file entry01.tsv (TSV, C-alpha atoms)
chain	number	residue	atom	x	y	z
I	1	MET	CA	103.88	85.25	87.78
I	2	THR	CA	103.15	84.64	91.45
I	3	LEU	CA	104.25	86.41	94.59
I	4	VAL	CA	107.12	84.07	95.53
I	5	TYR	CA	110.87	84.34	95.87
I	6	ARG	CA	112.59	84.52	92.50
I	7	SER	CA	116.32	85.12	92.25
I	8	SER	CA	117.03	87.98	89.86
I	9	GLY	CA	120.35	89.23	91.19
I	10	ALA	CA	118.69	92.25	92.82
I	11	PHE	CA	120.58	94.25	95.43
I	12	ALA	CA	117.98	93.42	98.10
I	13	GLU	CA	118.64	89.69	97.71
I	14	ARG	CA	122.11	90.15	99.23
I	15	LEU	CA	120.78	91.86	102.35
I	16	ASP	CA	120.38	90.05	105.65
I	17	SER	CA	116.80	88.85	106.10
I	18	ARG	CA	116.70	90.23	109.66
I	19	VAL	CA	117.51	93.71	108.39
I	20	LYS	CA	114.77	93.45	105.75
I	21	LEU	CA	112.27	92.18	108.31
I	22	LEU	CA	113.12	95.03	110.68
I	23	PHE	CA	112.84	97.58	107.88
I	24	GLN	CA	109.43	96.24	106.89
I	25	THR	CA	108.20	96.53	110.48
I	26	ILE	CA	109.52	100.07	110.95
I	27	PHE	CA	108.07	101.13	107.60
I	28	ALA	CA	104.62	99.94	108.66
I	29	LEU	CA	105.01	101.85	111.94
I	30	VAL	CA	105.95	105.04	110.09
I	31	ALA	CA	103.04	104.58	107.67
I	32	LEU	CA	100.66	104.45	110.64
I	33	SER	CA	102.11	107.56	112.27
I	34	HIS	CA	102.48	109.79	109.19
I	35	THR	CA	99.21	109.86	107.29
I	36	THR	CA	99.42	113.36	105.84
I	37	PRO	CA	99.84	113.82	102.07
I	38	LEU	CA	103.39	115.06	102.67
I	39	GLY	CA	104.27	112.06	104.81
I	40	LEU	CA	102.79	109.59	102.34
I	41	GLY	CA	104.63	111.40	99.53
I	42	VAL	CA	107.95	110.84	101.31
I	43	LEU	CA	107.06	107.19	101.91
I	44	THR	CA	106.22	106.85	98.22
I	45	VAL	CA	109.79	107.86	97.40
I	46	VAL	CA	111.05	105.29	99.91
I	47	VAL	CA	108.89	102.60	98.31
I	48	ALA	CA	110.25	103.52	94.88
I	49	VAL	CA	113.80	103.04	96.21
I	50	VAL	CA	112.82	99.71	97.79
I	51	LEU	CA	111.23	98.38	94.60
I	52	LEU	CA	114.23	99.52	92.59
I	53	GLY	CA	116.58	97.70	94.95
I	54	ALA	CA	114.38	94.62	94.71
I	55	SER	CA	114.16	94.79	90.89
I	56	THR	CA	110.39	94.63	91.23
I	57	SER	CA	107.94	96.54	89.04
I	58	PRO	CA	105.27	98.51	90.90
I	59	LEU	CA	102.77	97.58	88.19
I	60	TRP	CA	103.47	93.90	88.87
I	61	VAL	CA	102.88	94.44	92.59
I	62	LEU	CA	99.59	96.21	91.92
I	63	ARG	CA	98.53	93.41	89.61
I	64	GLU	CA	99.31	90.79	92.27
I	65	PHE	CA	97.20	92.61	94.87
I	66	ARG	CA	94.40	93.61	92.51
I	67	TYR	CA	91.82	91.65	94.53
I	68	VAL	CA	92.36	94.00	97.48
I	69	PHE	CA	91.56	97.13	95.48
I	70	PRO	CA	87.73	96.85	95.67
I	71	PHE	CA	88.00	97.08	99.46
I	72	LEU	CA	90.57	99.89	99.34
I	73	LEU	CA	88.48	101.88	96.88
I	74	GLY	CA	85.16	101.04	98.48
I	75	GLY	CA	86.09	102.65	101.81
I	76	PRO	CA	86.62	106.19	100.45
I	77	ALA	CA	83.63	105.87	98.10
I	78	PHE	CA	81.34	104.79	100.95
I	79	ALA	CA	82.66	107.55	103.24
I	80	ALA	CA	81.85	110.21	100.65
I	81	LEU	CA	78.17	109.20	100.49
I	82	THR	CA	75.54	110.88	102.66
I	83	LEU	CA	71.89	110.10	103.34
I	84	GLY	CA	70.73	113.49	102.13
I	85	PRO	CA	71.73	116.40	99.92
I	86	PRO	CA	74.32	116.90	98.54
I	87	TRP	CA	74.51	113.05	98.65
I	88	VAL	CA	78.26	113.04	97.93
I	89	VAL	CA	80.85	114.93	100.01
I	90	PRO	CA	84.29	114.46	98.42
I	91	ALA	CA	86.06	115.97	101.44
I	92	ASP	CA	84.87	113.06	103.60
I	93	ALA	CA	86.70	110.62	101.33
I	94	VAL	CA	90.12	112.24	101.78
I	95	ALA	CA	91.09	110.56	105.08
I	96	PRO	CA	89.93	107.05	104.01
I	97	ALA	CA	91.69	107.50	100.66
I	98	LEU	CA	94.97	108.37	102.41
I	99	ALA	CA	94.53	105.33	104.66
I	100	SER	CA	93.96	103.08	101.63
I	101	TYR	CA	97.02	104.48	99.90
I	102	ARG	CA	99.02	103.78	103.04
I	103	VAL	CA	97.99	100.13	102.82
I	104	VAL	CA	99.16	100.01	99.19
I	105	LEU	CA	102.60	101.30	100.22
I	106	VAL	CA	102.91	98.66	102.94
I	107	LEU	CA	101.87	95.94	100.47
I	108	CYS	CA	104.58	97.11	98.05
I	109	VAL	CA	107.27	96.78	100.73
I	110	SER	CA	105.94	93.37	101.74
I	111	ALA	CA	106.00	92.20	98.12
I	112	ALA	CA	109.62	93.35	97.78
I	113	PHE	CA	110.52	91.35	100.90
I	114	VAL	CA	108.85	88.17	99.63
I	115	ARG	CA	110.37	88.46	96.15
I	116	THR	CA	113.94	88.91	97.46
I	117	THR	CA	114.01	86.60	100.52
I	118	PRO	CA	114.13	82.79	100.37
I	119	VAL	CA	111.59	81.08	102.60
I	120	ARG	CA	114.26	79.44	104.77
I	121	GLU	CA	115.90	82.80	105.44
I	122	SER	CA	112.54	84.33	106.38
I	123	ARG	CA	111.97	81.51	108.84
I	124	ALA	CA	115.50	81.88	110.23
I	125	ALA	CA	114.95	85.61	110.78
I	126	ILE	CA	111.68	85.05	112.65
I	127	GLN	CA	113.17	82.33	114.85
I	128	TRP	CA	116.15	84.57	115.60
I	129	LEU	CA	113.78	87.36	116.62
I	130	LEU	CA	111.53	85.07	118.70
I	131	PRO	CA	113.57	82.21	120.19
I	132	GLY	CA	111.96	79.10	121.59
I	133	ARG	CA	108.77	77.33	120.62
I	134	VAL	CA	106.96	80.56	119.79
I	135	GLY	CA	109.53	81.50	117.16
I	136	GLN	CA	109.59	77.97	115.78
I	137	PHE	CA	105.81	77.92	115.49
I	138	LEU	CA	105.60	81.33	113.81
I	139	GLY	CA	108.57	80.58	111.56
I	140	MET	CA	107.01	77.31	110.51
I	141	GLY	CA	103.69	79.05	109.83
I	142	VAL	CA	105.31	81.74	107.68
I	143	ALA	CA	107.26	79.13	105.74
I	144	PHE	CA	104.10	77.12	105.11
I	145	VAL	CA	102.16	80.19	103.94
I	146	PHE	CA	104.94	81.33	101.62
I	147	ARG	CA	105.11	77.89	100.03
I	148	PHE	CA	101.42	76.98	100.06
I	149	LEU	CA	99.77	80.26	99.05
I	150	PRO	CA	101.41	80.52	95.59
I	151	VAL	CA	100.24	76.98	94.85
I	152	LEU	CA	96.66	77.91	95.73
I	153	GLN	CA	96.90	81.04	93.60
I	154	SER	CA	98.09	78.94	90.68
I	155	ASP	CA	95.20	76.51	91.20
I	156	LEU	CA	92.63	79.32	91.23
I	157	ARG	CA	94.17	80.79	88.09
I	158	ALA	CA	93.95	77.38	86.37
I	159	ILE	CA	90.31	76.99	87.43
I	160	ARG	CA	89.42	80.42	86.07
I	161	ASN	CA	91.22	79.72	82.78
I	162	ALA	CA	89.46	76.36	82.43
I	163	MET	CA	86.09	77.98	83.08
I	164	ALA	CA	86.80	80.73	80.56
I	165	ALA	CA	87.78	78.11	77.95
I	166	ARG	CA	84.39	76.46	78.49
I	167	LEU	CA	82.50	79.76	78.08
I	168	GLY	CA	82.05	80.02	81.83
I	169	THR	CA	82.32	83.77	81.51
I	170	GLU	CA	78.83	83.74	80.00
I	171	ARG	CA	77.40	82.68	83.35
I	172	SER	CA	76.23	85.15	85.97
I	173	LEU	CA	78.64	86.54	88.53
I	174	ALA	CA	77.04	84.53	91.35
I	175	GLU	CA	77.42	81.28	89.39
I	176	ARG	CA	81.06	82.03	88.55
I	177	MET	CA	81.84	82.81	92.19
I	178	GLU	CA	80.14	79.59	93.31
I	179	LEU	CA	82.02	77.47	90.78
I	180	VAL	CA	85.43	79.03	91.46
I	181	GLY	CA	84.87	78.94	95.23
I	182	SER	CA	83.75	75.31	95.40
I	183	ALA	CA	86.45	74.09	93.01
I	184	GLY	CA	89.08	76.19	94.82
I	185	LEU	CA	88.12	74.79	98.22
I	186	ALA	CA	88.18	71.21	96.90
I	187	ARG	CA	91.63	71.80	95.38
I	188	ALA	CA	92.85	73.44	98.61
I	189	PHE	CA	91.82	70.43	100.72
I	190	ASP	CA	93.51	68.08	98.27
I	191	ARG	CA	96.67	70.18	98.37
I	192	ALA	CA	96.57	70.23	102.19
I	193	ASP	CA	96.34	66.42	102.35
I	194	THR	CA	99.23	66.09	99.91
I	195	PHE	CA	101.23	68.67	101.83
I	196	SER	CA	100.68	66.84	105.11
I	197	LEU	CA	101.76	63.54	103.55
I	198	ALA	CA	104.88	65.19	102.11
I	199	LEU	CA	105.81	66.58	105.55
I	200	ARG	CA	105.53	63.14	107.14
I	201	ALA	CA	107.49	61.51	104.31
I	202	ARG	CA	110.31	64.02	104.83
I	203	CYS	CA	110.33	63.59	108.63
I	204	PHE	CA	109.31	67.16	109.33
I	205	ALA	CA	111.16	68.65	112.31
I	206	TRP	CA	110.28	71.60	114.48
I	207	ASN	CA	113.86	72.81	114.63
I	208	PRO	CA	115.62	72.08	111.33
I	209	THR	CA	119.06	73.34	110.37
I	210	LEU	CA	118.46	76.83	109.06
I	211	PRO	CA	120.84	78.99	107.01
I	212	ARG	CA	123.35	81.07	108.94
I	213	LEU	CA	122.51	84.76	108.93
I	214	ALA	CA	125.23	87.40	108.87
I	215	ILE	CA	125.08	91.17	108.56
I	216	SER	CA	127.63	92.66	106.12
I	217	TRP	CA	128.55	96.08	104.75
I	218	ARG	CA	125.87	95.64	102.08
I	219	ASP	CA	123.24	95.99	104.80
I	220	LEU	CA	124.50	99.44	105.82
I	221	PRO	CA	122.20	101.45	103.47
I	222	ALA	CA	119.15	99.48	104.63
I	223	ILE	CA	120.15	99.89	108.30
I	224	LEU	CA	120.62	103.65	107.91
I	225	LEU	CA	117.29	103.97	106.11
I	226	THR	CA	115.59	101.93	108.86
I	227	ILE	CA	117.08	104.12	111.58
I	228	SER	CA	115.99	107.26	109.70
I	229	LEU	CA	112.43	105.96	109.44
I	230	LEU	CA	112.42	105.00	113.12
I	231	VAL	CA	113.53	108.49	114.17
I	232	TRP	CA	110.95	110.02	111.84
I	233	ALA	CA	108.22	107.86	113.36
I	234	PHE	CA	108.67	109.57	116.73
I	235	VAL	CA	109.14	113.11	115.40

call {"tool": "encode", "arguments": {"input": "entry01.tsv", "output": "structure tokens"}}
result
Amino acid sequence: MTLVYRSSGAFAERLDSRVKLLFQTIFALVALSHTTPLGLGVLTVVVAVVLLGASTSPLWVLREFRYVFPFLLGGPAFAALTLGPPWVVPADAVAPALASYRVVLVLCVSAAFVRTTPVRESRAAIQWLLPGRVGQFLGMGVAFVFRFLPVLQSDLRAIRNAMAARLGTERSLAERMELVGSAGLARAFDRADTFSLALRARCFAWNPTLPRLAISWRDLPAILLTISLLVWAFV
């Protein structure tokens, strides 16, 4: 599976995309302001509620972002090292570890947003928030990324599977990275050319007719939770 919108009848799918976008922004703000173990523990409960409302497994989210983990784990490990005895100071890794965990929580909320929000609604929310050419440009960019990135992920997965089928796993790590990187770049450029041709064939417009957004009573729990997080951010 790929990190794209998939209708599953989840509660979060029926929420207004502007409310979800605002919640995601406020959550990131709170995660930056409350970095203590207690604060991150409370945010973990919030993330669990979000993933439950989005019908999204946390294990699936972690699997989708597994390529980020070496960087998130490398920071605390590097901070714990010293140039002299005792060589490793575990206490120095606490703050970087909390920061890395904070990033994981934000990624979980972002994944829930992507999985429960159609691309057109995401673009409509951004253009509502930022009217004019700036909103149109950013909305168009987000829509392109949401549609194009899963295709590239699928291509890289196919390249890795093809290499594994041809005993490519017996090669050295450097050779595998070179092969996957060069083949991935070539496929990305081909996809970009095809994507550009498809846009011209469909008479791409800067300001298309976007879906109408409307806040309903279903958004009330998300709005209350967003307000609570916003108040907590300044406490």

call {"tool": "closest_atom_pairs", "arguments": {"input": "entry01.tsv", "of": "stretch 29-87 of chain I", "to": "stretch 103-118 of chain I", "cutoff": "7 Å", "atoms": "only C-alpha atoms", "output": "Markdown table"}}
result
| residue | atom | partner | partner_atom | distance |
| --- | --- | --- | --- | --- |
| I:Thr44 | CA | I:Leu105 | CA | 6.9 |
| I:Val47 | CA | I:Val109 | CA | 6.5 |
| I:Val50 | CA | I:Val109 | CA | 6.9 |
| I:Leu51 | CA | I:Ala112 | CA | 6.2 |
| I:Ala54 | CA | I:Ala112 | CA | 5.8 |
| I:Thr56 | CA | I:Ala112 | CA | 6.7 |
| I:Val61 | CA | I:Cys108 | CA | 6.3 |

call {"tool": "atom_distance", "arguments": {"input": "entry01.tsv", "atom1": "atom CA of I:Glu64", "atom2": "atom CA of I:Leu3"}}
result
7.0 Å

call {"tool": "residues_around", "arguments": {"input": "entry01.tsv", "residues": "I:Leu179", "least_positions_apart": "5", "cutoff": "12 Å", "atoms": "only C-alpha atoms", "output": "mmCIF file with C-alpha atoms, keeping the file's coordinate frame"}}
result
data_model
loop_
_atom_site.group_PDB
_atom_site.id
_atom_site.type_symbol
_atom_site.label_atom_id
_atom_site.label_comp_id
_atom_site.auth_asym_id
_atom_site.auth_seq_id
_atom_site.Cartn_x
_atom_site.Cartn_y
_atom_site.Cartn_z
ATOM 1 C CA LEU I 156 92.630 79.320 91.230
ATOM 2 C CA ILE I 159 90.310 76.990 87.430
ATOM 3 C CA ARG I 160 89.420 80.420 86.070
ATOM 4 C CA ALA I 162 89.460 76.360 82.430
ATOM 5 C CA MET I 163 86.090 77.980 83.080
ATOM 6 C CA ALA I 164 86.800 80.730 80.560
ATOM 7 C CA GLY I 168 82.050 80.020 81.830
ATOM 8 C CA THR I 169 82.320 83.770 81.510
ATOM 9 C CA ARG I 171 77.400 82.680 83.350
ATOM 10 C CA SER I 172 76.230 85.150 85.970
ATOM 11 C CA LEU I 173 78.640 86.540 88.530
ATOM 12 C CA ALA I 174 77.040 84.530 91.350
ATOM 13 C CA GLY I 184 89.080 76.190 94.820
ATOM 14 C CA LEU I 185 88.120 74.790 98.220
ATOM 15 C CA ALA I 186 88.180 71.210 96.900
#

call {"tool": "atom_distance", "arguments": {"input": "entry01.tsv", "atom1": "atom CA of I:Ala12", "atom2": "atom CA of I:Thr36"}}
result
28.3 Å

call {"tool": "atom_distance", "arguments": {"input": "entry01.tsv", "atom1": "atom CA of I:Ala91", "atom2": "atom CA of I:Ala79"}}
result
9.3 Å

call {"tool": "residues_near_point", "arguments": {"input": "entry01.tsv", "point": "(115.0, 86.7, 116.6)", "cutoff": "12 Å", "atoms": "all atoms listed in the file", "output": "PyMOL selection string"}}
result
chain I and resi 17-19+21-22+121-136+138-139+213

call {"tool": "residues_around", "arguments": {"input": "entry01.tsv", "residues": "I:Arg191", "least_positions_apart": "6", "cutoff": "10 Å", "atoms": "only C-alpha atoms", "output": "JSON, numbers by chain"}}
result
{"I": [148, 151, 152, 155, 185, 197]}

call {"tool": "axis_aligned_box", "arguments": {"input": "entry01.tsv", "around": "stretch 178-196 of chain I", "padding_each_side": "4 Å", "output": "lines of an AutoDock Vina configuration file"}}
result
center_x = 90.7
center_y = 72.8
center_z = 97.9
size_x = 29.1
size_y = 21.5
size_z = 22.3

call {"tool": "closest_residue", "arguments": {"input": "entry01.tsv", "among": "I:Val235, I:Ser196, I:Arg120, I:Gly181", "to": "I:Leu210", "atoms": "only C-alpha atoms"}}
result
I:Arg120

call {"tool": "closest_residue", "arguments": {"input": "entry01.tsv", "among": "I:Val88, I:Ala188, I:Met140, I:Ile223", "to": "I:Gln153", "atoms": "only C-alpha atoms"}}
result
I:Ala188
